[in-house]
file work-v9.cif (mmCIF, N, CA and C atoms)
data_structure
loop_
_atom_site.label_atom_id
_atom_site.label_comp_id
_atom_site.auth_asym_id
_atom_site.auth_seq_id
_atom_site.Cartn_x
_atom_site.Cartn_y
_atom_site.Cartn_z
N MET A 7 67.16 88.04 111.20
CA MET A 7 68.00 88.60 110.15
C MET A 7 69.39 88.86 110.72
N GLU A 8 70.42 88.39 110.05
CA GLU A 8 71.79 88.57 110.51
C GLU A 8 72.38 89.85 109.98
N SER A 9 73.17 90.49 110.81
CA SER A 9 73.87 91.69 110.39
C SER A 9 75.16 91.30 109.68
N THR A 10 75.52 92.07 108.67
CA THR A 10 76.77 91.80 107.96
C THR A 10 77.87 92.73 108.45
N GLU A 11 77.63 93.42 109.57
CA GLU A 11 78.61 94.34 110.14
C GLU A 11 79.88 93.58 110.51
N LYS A 12 81.02 94.02 110.01
CA LYS A 12 82.29 93.37 110.27
C LYS A 12 83.21 94.21 111.15
N ARG A 13 82.81 95.44 111.45
CA ARG A 13 83.67 96.33 112.22
C ARG A 13 83.77 95.88 113.67
N LYS A 14 84.96 96.05 114.23
CA LYS A 14 85.19 95.72 115.64
C LYS A 14 84.75 96.86 116.55
N SER A 15 84.76 98.08 116.03
CA SER A 15 84.37 99.23 116.84
C SER A 15 83.51 100.16 116.00
N PRO A 16 82.58 100.88 116.66
CA PRO A 16 81.68 101.76 115.92
C PRO A 16 82.41 102.96 115.32
N ARG A 17 81.88 103.43 114.22
CA ARG A 17 82.44 104.62 113.58
C ARG A 17 81.54 105.80 113.86
N ILE A 18 82.16 106.97 113.94
CA ILE A 18 81.40 108.20 114.12
C ILE A 18 81.67 109.11 112.93
N THR A 19 80.66 109.88 112.58
CA THR A 19 80.79 110.85 111.48
C THR A 19 81.70 111.98 111.94
N VAL A 20 82.58 112.41 111.06
CA VAL A 20 83.49 113.50 111.39
C VAL A 20 83.40 114.60 110.34
N ASP A 21 83.61 115.81 110.81
CA ASP A 21 83.69 116.98 109.94
C ASP A 21 85.08 117.59 110.14
N LEU A 22 85.55 118.27 109.14
CA LEU A 22 86.80 119.02 109.26
C LEU A 22 88.02 118.15 109.54
N VAL A 23 88.02 116.91 109.07
CA VAL A 23 89.21 116.07 109.19
C VAL A 23 89.71 115.80 107.78
N SER A 24 90.87 116.35 107.48
CA SER A 24 91.51 116.10 106.20
C SER A 24 92.56 115.03 106.38
N VAL A 25 92.65 114.15 105.40
CA VAL A 25 93.58 113.03 105.46
C VAL A 25 94.52 113.11 104.27
N GLU A 26 95.81 113.13 104.55
CA GLU A 26 96.80 113.06 103.47
C GLU A 26 97.04 111.59 103.18
N ILE A 27 96.92 111.21 101.92
CA ILE A 27 97.05 109.82 101.50
C ILE A 27 98.30 109.65 100.65
N ASN A 28 99.13 108.70 101.03
CA ASN A 28 100.27 108.30 100.21
C ASN A 28 100.13 106.82 99.92
N VAL A 29 100.25 106.44 98.67
CA VAL A 29 100.22 105.03 98.31
C VAL A 29 101.63 104.50 98.50
N LEU A 30 101.76 103.46 99.32
CA LEU A 30 103.07 102.88 99.54
C LEU A 30 103.46 102.07 98.32
N PRO A 31 104.64 102.29 97.79
CA PRO A 31 105.04 101.60 96.56
C PRO A 31 105.21 100.10 96.79
N ARG A 32 104.83 99.33 95.79
CA ARG A 32 105.03 97.88 95.82
C ARG A 32 106.39 97.58 95.20
N ALA A 33 106.85 96.39 95.37
CA ALA A 33 108.14 96.00 94.80
C ALA A 33 108.14 96.29 93.29
N GLY A 34 109.16 96.95 92.83
CA GLY A 34 109.29 97.26 91.42
C GLY A 34 108.56 98.53 91.01
N SER A 35 107.93 99.21 91.97
CA SER A 35 107.20 100.43 91.66
C SER A 35 107.90 101.61 92.29
N GLU A 36 108.00 102.69 91.56
CA GLU A 36 108.68 103.88 92.08
C GLU A 36 107.71 105.00 92.44
N SER A 37 106.50 104.94 91.94
CA SER A 37 105.60 106.08 92.10
C SER A 37 104.84 106.04 93.43
N GLU A 38 104.65 107.22 93.98
CA GLU A 38 103.79 107.41 95.14
C GLU A 38 102.76 108.43 94.73
N VAL A 39 101.52 108.07 94.88
CA VAL A 39 100.43 108.98 94.55
C VAL A 39 100.01 109.67 95.84
N GLU A 40 99.83 110.96 95.79
CA GLU A 40 99.41 111.72 96.96
C GLU A 40 98.09 112.38 96.69
N GLU A 41 97.25 112.38 97.71
CA GLU A 41 95.96 113.05 97.61
C GLU A 41 95.57 113.50 99.02
N ILE A 42 94.86 114.61 99.10
CA ILE A 42 94.31 115.05 100.37
C ILE A 42 92.80 114.90 100.26
N CYS A 43 92.24 114.13 101.19
CA CYS A 43 90.83 113.76 101.14
C CYS A 43 90.10 114.21 102.40
N ALA A 44 88.79 114.26 102.32
CA ALA A 44 87.96 114.55 103.48
C ALA A 44 87.50 113.24 104.10
N ALA A 45 87.76 113.07 105.41
CA ALA A 45 87.29 111.90 106.12
C ALA A 45 85.78 112.02 106.32
N GLU A 46 85.08 110.91 106.19
CA GLU A 46 83.64 110.90 106.40
C GLU A 46 83.29 110.33 107.77
N ASN A 47 84.01 109.27 108.17
CA ASN A 47 83.80 108.72 109.50
C ASN A 47 85.08 108.04 109.96
N ILE A 48 85.13 107.77 111.28
CA ILE A 48 86.36 107.21 111.86
C ILE A 48 85.99 106.34 113.05
N SER A 49 86.82 105.34 113.31
CA SER A 49 86.68 104.49 114.48
C SER A 49 88.08 104.23 115.04
N GLU A 50 88.15 103.42 116.07
CA GLU A 50 89.45 103.07 116.64
C GLU A 50 90.26 102.20 115.68
N SER A 51 89.58 101.55 114.73
CA SER A 51 90.28 100.61 113.87
C SER A 51 90.35 101.02 112.40
N GLY A 52 89.68 102.11 112.02
CA GLY A 52 89.73 102.50 110.61
C GLY A 52 88.95 103.76 110.33
N MET A 53 88.83 104.08 109.06
CA MET A 53 88.07 105.26 108.65
C MET A 53 87.57 105.08 107.23
N MET A 54 86.65 105.97 106.85
CA MET A 54 86.22 106.06 105.47
C MET A 54 86.46 107.49 105.03
N PHE A 55 86.98 107.64 103.81
CA PHE A 55 87.20 108.97 103.25
C PHE A 55 86.74 108.98 101.81
N GLU A 56 86.51 110.18 101.31
CA GLU A 56 86.09 110.37 99.92
C GLU A 56 87.30 110.80 99.11
N ALA A 57 87.62 110.04 98.08
CA ALA A 57 88.80 110.30 97.25
C ALA A 57 88.40 110.61 95.82
N ALA A 58 89.19 111.42 95.17
CA ALA A 58 88.96 111.75 93.76
C ALA A 58 89.45 110.62 92.85
N MET A 59 90.42 109.85 93.34
CA MET A 59 90.97 108.76 92.54
C MET A 59 90.63 107.42 93.16
N PRO A 60 90.58 106.37 92.37
CA PRO A 60 90.24 105.06 92.93
C PRO A 60 91.42 104.42 93.66
N PHE A 61 91.11 103.73 94.72
CA PHE A 61 92.06 102.85 95.39
C PHE A 61 91.41 101.48 95.39
N ASN A 62 92.21 100.43 95.42
CA ASN A 62 91.68 99.08 95.33
C ASN A 62 91.83 98.33 96.65
N PRO A 63 90.87 97.45 96.96
CA PRO A 63 91.04 96.63 98.15
C PRO A 63 92.40 95.94 98.12
N GLY A 64 93.08 96.00 99.26
CA GLY A 64 94.42 95.43 99.36
C GLY A 64 95.53 96.47 99.22
N ASP A 65 95.22 97.66 98.67
CA ASP A 65 96.24 98.71 98.56
C ASP A 65 96.70 99.12 99.95
N LEU A 66 97.99 99.32 100.10
CA LEU A 66 98.56 99.77 101.37
C LEU A 66 98.81 101.27 101.27
N LEU A 67 98.23 102.02 102.21
CA LEU A 67 98.32 103.47 102.21
C LEU A 67 99.00 103.95 103.48
N ARG A 68 99.61 105.12 103.40
CA ARG A 68 100.09 105.81 104.60
C ARG A 68 99.20 107.03 104.78
N LEU A 69 98.55 107.12 105.94
CA LEU A 69 97.62 108.20 106.25
C LEU A 69 98.24 109.16 107.25
N THR A 70 97.98 110.43 107.07
CA THR A 70 98.40 111.46 108.01
C THR A 70 97.19 112.36 108.24
N PHE A 71 96.79 112.51 109.51
CA PHE A 71 95.64 113.34 109.83
C PHE A 71 95.69 113.80 111.28
N ALA A 72 94.90 114.81 111.60
CA ALA A 72 94.76 115.29 112.98
C ALA A 72 93.28 115.37 113.28
N LEU A 73 92.92 115.03 114.50
CA LEU A 73 91.54 115.10 114.93
C LEU A 73 91.20 116.54 115.32
N PRO A 74 89.93 116.92 115.21
CA PRO A 74 89.55 118.28 115.61
C PRO A 74 89.96 118.56 117.06
N GLU A 75 90.43 119.76 117.30
CA GLU A 75 90.84 120.22 118.62
C GLU A 75 92.04 119.46 119.19
N SER A 76 92.82 118.83 118.33
CA SER A 76 94.02 118.11 118.79
C SER A 76 95.22 118.59 117.98
N PRO A 77 96.30 118.94 118.67
CA PRO A 77 97.51 119.36 117.95
C PRO A 77 98.35 118.15 117.49
N ILE A 78 97.95 116.96 117.90
CA ILE A 78 98.73 115.75 117.61
C ILE A 78 98.40 115.24 116.22
N VAL A 79 99.43 115.00 115.43
CA VAL A 79 99.27 114.45 114.08
C VAL A 79 99.40 112.93 114.18
N ILE A 80 98.43 112.24 113.60
CA ILE A 80 98.44 110.78 113.58
C ILE A 80 98.95 110.33 112.23
N ARG A 81 99.97 109.47 112.25
CA ARG A 81 100.50 108.86 111.02
C ARG A 81 100.41 107.36 111.19
N THR A 82 99.76 106.71 110.25
CA THR A 82 99.62 105.26 110.33
C THR A 82 99.48 104.67 108.94
N ASP A 83 99.87 103.43 108.81
CA ASP A 83 99.60 102.70 107.58
C ASP A 83 98.19 102.13 107.68
N ALA A 84 97.56 101.93 106.54
CA ALA A 84 96.22 101.39 106.50
C ALA A 84 96.06 100.56 105.23
N ILE A 85 95.19 99.57 105.31
CA ILE A 85 94.91 98.74 104.14
C ILE A 85 93.49 99.03 103.67
N VAL A 86 93.33 99.18 102.37
CA VAL A 86 92.00 99.43 101.80
C VAL A 86 91.20 98.14 101.91
N VAL A 87 90.03 98.23 102.55
CA VAL A 87 89.17 97.05 102.68
C VAL A 87 87.96 97.12 101.76
N HIS A 88 87.56 98.32 101.35
CA HIS A 88 86.52 98.43 100.34
C HIS A 88 86.60 99.79 99.64
N ALA A 89 86.08 99.79 98.42
CA ALA A 89 86.03 101.02 97.62
C ALA A 89 84.73 101.00 96.83
N MET A 90 84.00 102.13 96.89
CA MET A 90 82.73 102.22 96.20
C MET A 90 82.68 103.52 95.39
N LYS A 91 82.33 103.41 94.12
CA LYS A 91 82.23 104.59 93.25
C LYS A 91 80.89 105.25 93.46
N ARG A 92 80.92 106.52 93.79
CA ARG A 92 79.72 107.36 93.86
C ARG A 92 80.06 108.60 93.05
N LYS A 93 79.80 109.80 93.54
CA LYS A 93 80.27 110.99 92.83
C LYS A 93 81.79 110.93 92.74
N LYS A 94 82.40 110.56 93.86
CA LYS A 94 83.84 110.29 93.91
C LYS A 94 83.97 108.85 94.35
N PHE A 95 85.00 108.51 95.09
CA PHE A 95 85.18 107.15 95.57
C PHE A 95 85.14 107.14 97.10
N ASP A 96 84.26 106.33 97.68
CA ASP A 96 84.24 106.12 99.12
C ASP A 96 85.20 104.99 99.41
N ILE A 97 86.24 105.28 100.19
CA ILE A 97 87.29 104.32 100.47
C ILE A 97 87.28 103.99 101.96
N GLY A 98 87.12 102.72 102.29
CA GLY A 98 87.17 102.27 103.67
C GLY A 98 88.50 101.60 103.93
N VAL A 99 89.16 102.01 105.02
CA VAL A 99 90.47 101.45 105.35
C VAL A 99 90.49 100.95 106.79
N GLN A 100 91.37 99.99 107.02
CA GLN A 100 91.63 99.49 108.36
C GLN A 100 93.05 99.90 108.74
N PHE A 101 93.18 100.52 109.92
CA PHE A 101 94.51 100.94 110.37
C PHE A 101 95.38 99.72 110.66
N LYS A 102 96.67 99.88 110.41
CA LYS A 102 97.65 98.84 110.72
C LYS A 102 98.69 99.42 111.67
N ASP A 103 98.98 98.70 112.73
CA ASP A 103 100.06 99.07 113.65
C ASP A 103 99.94 100.49 114.19
N LEU A 104 98.74 100.88 114.60
CA LEU A 104 98.52 102.18 115.20
C LEU A 104 99.19 102.20 116.58
N ALA A 105 99.98 103.22 116.85
CA ALA A 105 100.68 103.32 118.13
C ALA A 105 99.68 103.44 119.27
N ILE A 106 100.08 102.98 120.46
CA ILE A 106 99.20 102.98 121.64
C ILE A 106 98.70 104.39 121.95
N ALA A 107 99.58 105.38 121.90
CA ALA A 107 99.17 106.76 122.19
C ALA A 107 98.11 107.23 121.19
N GLU A 108 98.26 106.85 119.94
CA GLU A 108 97.29 107.24 118.92
C GLU A 108 95.96 106.50 119.11
N GLN A 109 96.04 105.22 119.54
CA GLN A 109 94.82 104.47 119.85
C GLN A 109 94.05 105.16 120.98
N LYS A 110 94.77 105.56 122.02
CA LYS A 110 94.14 106.24 123.17
C LYS A 110 93.51 107.57 122.73
N LEU A 111 94.21 108.30 121.88
CA LEU A 111 93.69 109.57 121.36
C LEU A 111 92.39 109.34 120.59
N LEU A 112 92.36 108.32 119.74
CA LEU A 112 91.14 108.00 118.99
C LEU A 112 90.01 107.57 119.93
N GLN A 113 90.33 106.72 120.91
CA GLN A 113 89.32 106.28 121.88
C GLN A 113 88.70 107.47 122.59
N HIS A 114 89.54 108.39 123.04
CA HIS A 114 89.05 109.57 123.75
C HIS A 114 88.18 110.44 122.84
N PHE A 115 88.64 110.67 121.62
CA PHE A 115 87.89 111.48 120.66
C PHE A 115 86.53 110.87 120.37
N ILE A 116 86.49 109.56 120.14
CA ILE A 116 85.24 108.87 119.80
C ILE A 116 84.28 108.88 120.99
N ALA A 117 84.80 108.62 122.19
CA ALA A 117 83.95 108.64 123.39
C ALA A 117 83.36 110.04 123.61
N LYS A 118 84.17 111.06 123.43
CA LYS A 118 83.71 112.44 123.61
C LYS A 118 82.66 112.80 122.56
N ALA A 119 82.88 112.41 121.31
CA ALA A 119 81.92 112.69 120.24
C ALA A 119 80.62 111.92 120.44
N ALA A 120 80.71 110.67 120.90
CA ALA A 120 79.52 109.87 121.15
C ALA A 120 78.71 110.47 122.29
N ALA A 121 79.39 110.93 123.34
CA ALA A 121 78.70 111.54 124.48
C ALA A 121 78.01 112.84 124.06
N ALA A 122 78.65 113.61 123.20
CA ALA A 122 78.06 114.86 122.73
C ALA A 122 76.84 114.61 121.85
N ALA A 123 76.86 113.49 121.12
CA ALA A 123 75.77 113.17 120.21
C ALA A 123 74.59 112.52 120.94
N ALA A 124 74.84 111.97 122.13
CA ALA A 124 73.78 111.30 122.88
C ALA A 124 72.77 112.32 123.38
N PRO A 125 71.48 111.96 123.35
CA PRO A 125 70.48 112.90 123.86
C PRO A 125 70.66 113.13 125.34
N SER A 126 70.41 114.34 125.75
CA SER A 126 70.56 114.71 127.15
C SER A 126 69.49 114.03 127.99
N LEU A 127 69.85 113.61 129.19
CA LEU A 127 68.91 112.98 130.11
C LEU A 127 68.17 114.02 130.95
N HIS A 128 68.64 115.26 130.90
CA HIS A 128 68.01 116.33 131.67
C HIS A 128 66.94 116.99 130.84
N SER A 129 65.84 117.32 131.46
CA SER A 129 64.79 118.03 130.74
C SER A 129 64.61 119.41 131.34
N CYS A 130 64.14 120.33 130.52
CA CYS A 130 63.94 121.71 130.98
C CYS A 130 62.64 121.85 131.70
#

call {"tool": "encode", "arguments": {"input": "work-v9.cif", "output": "structure tokens"}}
result
Amino acid sequence: MESTEKRKSPRITVDLVSVEINVLPRAGSESEVEEICAAENISESGMMFEAAMPFNPGDLLRLTFALPESPIVIRTDAIVVHAMKRKKFDIGVQFKDLAIAEQKLLQHFIAKAAAAAAPSLHSC
């Protein structure tokens, strides 16, 4: 059986990460929609968040968020790769042009979270 997994890097579940979403205007459009959403999971290359409003695959968004225990604010553009209606909308995005420092911050956060989630090799 083949896996349909398309992600380049694994995602981890996150709590307490709020994401400010701005829709980047397209040519001929003046409006920017803003929403603050709760992130559900994150990886080095993207994230999924729950939104009250729908976004469509291909929409270009500007995301602003901070990881737990980090004073650094990450700002990056992202493209919507999937959207699924549930109670709200589960929106999956892929980061675009994430700065090297922000990539390193995400790598460190994910490695630390994965290590904390791994079962301990020591027994009592």

call {"tool": "residues_near_point", "arguments": {"input": "work-v9.cif", "point": "(84.0, 104.3, 101.4)", "cutoff": "10 Å", "atoms": "only C-alpha atoms", "output": "list in words"}}
result
Ala45, Glu46, Asn47, Met53, Met54, Phe55, Glu56, Ala57, Val86, Val87, His88, Ala89, Met90, Lys91, Arg92, Lys94, Phe95, Asp96, Ile97, Gly98 and Val99 of chain A

call {"tool": "resolve_selection", "arguments": {"input": "work-v9.cif", "expression": "the PyMOL selection byres ((chain A and resi 29) around 6)", "output": "JSON list (two decimals) with N, CA and C atoms, in the frame of the given file"}}
result
[["chain", "number", "residue", "atom", "x", "y", "z"],
["A", 27, "ILE", "N", 96.92, 111.21, 101.92],
["A", 27, "ILE", "CA", 97.05, 109.82, 101.50],
["A", 27, "ILE", "C", 98.30, 109.65, 100.65],
["A", 28, "ASN", "N", 99.13, 108.70, 101.03],
["A", 28, "ASN", "CA", 100.27, 108.30, 100.21],
["A", 28, "ASN", "C", 100.13, 106.82, 99.92],
["A", 30, "LEU", "N", 101.76, 103.46, 99.32],
["A", 30, "LEU", "CA", 103.07, 102.88, 99.54],
["A", 30, "LEU", "C", 103.46, 102.07, 98.32],
["A", 31, "PRO", "N", 104.64, 102.29, 97.79],
["A", 31, "PRO", "CA", 105.04, 101.60, 96.56],
["A", 31, "PRO", "C", 105.21, 100.10, 96.79],
["A", 38, "GLU", "N", 104.65, 107.22, 93.98],
["A", 38, "GLU", "CA", 103.79, 107.41, 95.14],
["A", 38, "GLU", "C", 102.76, 108.43, 94.73],
["A", 39, "VAL", "N", 101.52, 108.07, 94.88],
["A", 39, "VAL", "CA", 100.43, 108.98, 94.55],
["A", 39, "VAL", "C", 100.01, 109.67, 95.84],
["A", 40, "GLU", "N", 99.83, 110.96, 95.79],
["A", 40, "GLU", "CA", 99.41, 111.72, 96.96],
["A", 40, "GLU", "C", 98.09, 112.38, 96.69],
["A", 66, "LEU", "N", 97.99, 99.32, 100.10],
["A", 66, "LEU", "CA", 98.56, 99.77, 101.37],
["A", 66, "LEU", "C", 98.81, 101.27, 101.27],
["A", 67, "LEU", "N", 98.23, 102.02, 102.21],
["A", 67, "LEU", "CA", 98.32, 103.47, 102.21],
["A", 67, "LEU", "C", 99.00, 103.95, 103.48],
["A", 68, "ARG", "N", 99.61, 105.12, 103.40],
["A", 68, "ARG", "CA", 100.09, 105.81, 104.60],
["A", 68, "ARG", "C", 99.20, 107.03, 104.78]]

call {"tool": "closest_residue", "arguments": {"input": "work-v9.cif", "among": "A:Leu104, A:Val23, A:Ala119, A:Ile48", "to": "Asp83 in chain A", "atoms": "only N, CA and C atoms"}}
result
A:Leu104

call {"tool": "atom_distance", "arguments": {"input": "work-v9.cif", "atom1": "CA of Asp65 in chain A", "atom2": "CA of Ile85 in chain A"}}
result
5.7 Å

call {"tool": "atom_distance", "arguments": {"input": "work-v9.cif", "atom1": "CA of Pro60 in chain A", "atom2": "CA of Lys93 in chain A"}}
result
11.6 Å

call {"tool": "closest_residue", "arguments": {"input": "work-v9.cif", "among": "A:Ala123, A:Ala44, A:Ile106, A:Val20", "to": "Leu69 in chain A", "atoms": "only C-alpha atoms"}}
result
A:Ala44

call {"tool": "atom_distance", "arguments": {"input": "work-v9.cif", "atom1": "CA of Pro77 in chain A", "atom2": "atom N of Met59 in chain A"}}
result
27.3 Å

call {"tool": "select_by_dssp", "arguments": {"input": "work-v9.cif", "residues": "range 21-125 of chain A", "states": "strand (DSSP E or B)", "output": "VMD selection string"}}
result
chain A and resid 24 to 29 40 to 48 52 to 57 66 to 72 79 to 91 95 to 102

call {"tool": "write_last_selection", "arguments": {"input": "work-v9.cif", "atoms": "N, CA and C atoms", "output": "CSV table (one decimal), in the coordinates of the input"}}
result
chain,number,residue,atom,x,y,z
A,24,SER,N,90.9,116.4,107.5
A,24,SER,CA,91.5,116.1,106.2
A,24,SER,C,92.6,115.0,106.4
A,25,VAL,N,92.6,114.2,105.4
A,25,VAL,CA,93.6,113.0,105.5
A,25,VAL,C,94.5,113.1,104.3
A,26,GLU,N,95.8,113.1,104.6
A,26,GLU,CA,96.8,113.1,103.5
A,26,GLU,C,97.0,111.6,103.2
A,27,ILE,N,96.9,111.2,101.9
A,27,ILE,CA,97.0,109.8,101.5
A,27,ILE,C,98.3,109.6,100.6
A,28,ASN,N,99.1,108.7,101.0
A,28,ASN,CA,100.3,108.3,100.2
A,28,ASN,C,100.1,106.8,99.9
A,29,VAL,N,100.2,106.4,98.7
A,29,VAL,CA,100.2,105.0,98.3
A,29,VAL,C,101.6,104.5,98.5
A,40,GLU,N,99.8,111.0,95.8
A,40,GLU,CA,99.4,111.7,97.0
A,40,GLU,C,98.1,112.4,96.7
A,41,GLU,N,97.2,112.4,97.7
A,41,GLU,CA,96.0,113.0,97.6
A,41,GLU,C,95.6,113.5,99.0
A,42,ILE,N,94.9,114.6,99.1
A,42,ILE,CA,94.3,115.0,100.4
A,42,ILE,C,92.8,114.9,100.3
A,43,CYS,N,92.2,114.1,101.2
A,43,CYS,CA,90.8,113.8,101.1
A,43,CYS,C,90.1,114.2,102.4
A,44,ALA,N,88.8,114.3,102.3
A,44,ALA,CA,88.0,114.6,103.5
A,44,ALA,C,87.5,113.2,104.1
A,45,ALA,N,87.8,113.1,105.4
A,45,ALA,CA,87.3,111.9,106.1
A,45,ALA,C,85.8,112.0,106.3
A,46,GLU,N,85.1,110.9,106.2
A,46,GLU,CA,83.6,110.9,106.4
A,46,GLU,C,83.3,110.3,107.8
A,47,ASN,N,84.0,109.3,108.2
A,47,ASN,CA,83.8,108.7,109.5
A,47,ASN,C,85.1,108.0,110.0
A,48,ILE,N,85.1,107.8,111.3
A,48,ILE,CA,86.4,107.2,111.9
A,48,ILE,C,86.0,106.3,113.0
A,52,GLY,N,89.7,102.1,112.0
A,52,GLY,CA,89.7,102.5,110.6
A,52,GLY,C,89.0,103.8,110.3
A,53,MET,N,88.8,104.1,109.1
A,53,MET,CA,88.1,105.3,108.6
A,53,MET,C,87.6,105.1,107.2
A,54,MET,N,86.6,106.0,106.8
A,54,MET,CA,86.2,106.1,105.5
A,54,MET,C,86.5,107.5,105.0
A,55,PHE,N,87.0,107.6,103.8
A,55,PHE,CA,87.2,109.0,103.2
A,55,PHE,C,86.7,109.0,101.8
A,56,GLU,N,86.5,110.2,101.3
A,56,GLU,CA,86.1,110.4,99.9
A,56,GLU,C,87.3,110.8,99.1
A,57,ALA,N,87.6,110.0,98.1
A,57,ALA,CA,88.8,110.3,97.2
A,57,ALA,C,88.4,110.6,95.8
A,66,LEU,N,98.0,99.3,100.1
A,66,LEU,CA,98.6,99.8,101.4
A,66,LEU,C,98.8,101.3,101.3
A,67,LEU,N,98.2,102.0,102.2
A,67,LEU,CA,98.3,103.5,102.2
A,67,LEU,C,99.0,104.0,103.5
A,68,ARG,N,99.6,105.1,103.4
A,68,ARG,CA,100.1,105.8,104.6
A,68,ARG,C,99.2,107.0,104.8
A,69,LEU,N,98.6,107.1,105.9
A,69,LEU,CA,97.6,108.2,106.2
A,69,LEU,C,98.2,109.2,107.2
A,70,THR,N,98.0,110.4,107.1
A,70,THR,CA,98.4,111.5,108.0
A,70,THR,C,97.2,112.4,108.2
A,71,PHE,N,96.8,112.5,109.5
A,71,PHE,CA,95.6,113.3,109.8
A,71,PHE,C,95.7,113.8,111.3
A,72,ALA,N,94.9,114.8,111.6
A,72,ALA,CA,94.8,115.3,113.0
A,72,ALA,C,93.3,115.4,113.3
A,79,VAL,N,99.4,115.0,115.4
A,79,VAL,CA,99.3,114.4,114.1
A,79,VAL,C,99.4,112.9,114.2
A,80,ILE,N,98.4,112.2,113.6
A,80,ILE,CA,98.4,110.8,113.6
A,80,ILE,C,99.0,110.3,112.2
A,81,ARG,N,100.0,109.5,112.2
A,81,ARG,CA,100.5,108.9,111.0
A,81,ARG,C,100.4,107.4,111.2
A,82,THR,N,99.8,106.7,110.2
A,82,THR,CA,99.6,105.3,110.3
A,82,THR,C,99.5,104.7,108.9
A,83,ASP,N,99.9,103.4,108.8
A,83,ASP,CA,99.6,102.7,107.6
A,83,ASP,C,98.2,102.1,107.7
A,84,ALA,N,97.6,101.9,106.5
A,84,ALA,CA,96.2,101.4,106.5
A,84,ALA,C,96.1,100.6,105.2
A,85,ILE,N,95.2,99.6,105.3
A,85,ILE,CA,94.9,98.7,104.1
A,85,ILE,C,93.5,99.0,103.7
A,86,VAL,N,93.3,99.2,102.4
A,86,VAL,CA,92.0,99.4,101.8
A,86,VAL,C,91.2,98.1,101.9
A,87,VAL,N,90.0,98.2,102.6
A,87,VAL,CA,89.2,97.0,102.7
A,87,VAL,C,88.0,97.1,101.8
A,88,HIS,N,87.6,98.3,101.4
A,88,HIS,CA,86.5,98.4,100.3
A,88,HIS,C,86.6,99.8,99.6
A,89,ALA,N,86.1,99.8,98.4
A,89,ALA,CA,86.0,101.0,97.6
A,89,ALA,C,84.7,101.0,96.8
A,90,MET,N,84.0,102.1,96.9
A,90,MET,CA,82.7,102.2,96.2
A,90,MET,C,82.7,103.5,95.4
A,91,LYS,N,82.3,103.4,94.1
A,91,LYS,CA,82.2,104.6,93.2
A,91,LYS,C,80.9,105.2,93.5
A,95,PHE,N,85.0,108.5,95.1
A,95,PHE,CA,85.2,107.2,95.6
A,95,PHE,C,85.1,107.1,97.1
A,96,ASP,N,84.3,106.3,97.7
A,96,ASP,CA,84.2,106.1,99.1
A,96,ASP,C,85.2,105.0,99.4
A,97,ILE,N,86.2,105.3,100.2
A,97,ILE,CA,87.3,104.3,100.5
A,97,ILE,C,87.3,104.0,102.0
A,98,GLY,N,87.1,102.7,102.3
A,98,GLY,CA,87.2,102.3,103.7
A,98,GLY,C,88.5,101.6,103.9
A,99,VAL,N,89.2,102.0,105.0
A,99,VAL,CA,90.5,101.4,105.4
A,99,VAL,C,90.5,101.0,106.8
A,100,GLN,N,91.4,100.0,107.0
A,100,GLN,CA,91.6,99.5,108.4
A,100,GLN,C,93.0,99.9,108.7
A,101,PHE,N,93.2,100.5,109.9
A,101,PHE,CA,94.5,100.9,110.4
A,101,PHE,C,95.4,99.7,110.7
A,102,LYS,N,96.7,99.9,110.4
A,102,LYS,CA,97.6,98.8,110.7
A,102,LYS,C,98.7,99.4,111.7

call {"tool": "axis_aligned_box", "arguments": {"input": "work-v9.cif", "around": "range 95-109 of chain A", "padding_each_side": "8 Å", "output": "AutoDock Vina command-line options"}}
result
--center_x 92.5 --center_y 103.6 --center_z 108.6 --size_x 32.4 --size_y 25.8 --size_z 43.1

call {"tool": "closest_residue", "arguments": {"input": "work-v9.cif", "among": "A:Thr19, A:Ser24, A:Ser76, A:Thr82", "to": "Gln109 in chain A", "atoms": "only C-alpha atoms"}}
result
A:Thr82

call {"tool": "resolve_selection", "arguments": {"input": "work-v9.cif", "expression": "the PyMOL selection byres (((chain A and resi 51 and name CA) around 6) and name CA)", "output": "ChimeraX atom specification"}}
result
/A:49-50,52,100-101

call {"tool": "select_by_dssp", "arguments": {"input": "work-v9.cif", "residues": "range 9-130 of chain A", "states": "helix (DSSP H, G or I)", "output": "ChimeraX atom specification"}}
result
/A:106-123

call {"tool": "closest_residue", "arguments": {"input": "work-v9.cif", "among": "A:Pro63, A:Ile116, A:Arg81, A:Ala122", "to": "Lys102 in chain A", "atoms": "only C-alpha atoms"}}
result
A:Arg81

call {"tool": "decode", "arguments": {"input": "work-v9.cif", "residues": "range 36-56 of chain A", "atoms": "C-alpha atoms", "output": "compact mmCIF listing (two decimals), in the first residue's frame"}}
result
# COMPACT_ATOMS: atom_id res chain seq x y z
CA GLU A 36 -7.99 46.33 -2.16
CA SER A 37 -9.25 44.26 0.75
CA GLU A 38 -7.15 42.41 3.29
CA VAL A 39 -8.96 39.99 5.53
CA GLU A 40 -7.48 39.48 8.97
CA GLU A 41 -8.10 36.63 11.36
CA ILE A 42 -6.33 35.22 14.39
CA CYS A 43 -6.39 31.42 14.39
CA ALA A 44 -5.15 28.57 16.54
CA ALA A 45 -2.39 26.48 14.97
CA GLU A 46 -3.01 22.74 15.16
CA ASN A 47 0.35 21.47 13.92
CA ILE A 48 3.58 22.78 12.43
CA SER A 49 6.63 21.58 10.51
CA GLU A 50 9.71 23.16 8.98
CA SER A 51 7.78 23.68 5.75
CA GLY A 52 4.22 24.53 6.79
CA MET A 53 1.40 24.38 9.29
CA MET A 54 -2.26 23.65 9.72
CA PHE A 55 -4.59 26.01 11.55
CA GLU A 56 -8.29 26.19 12.28
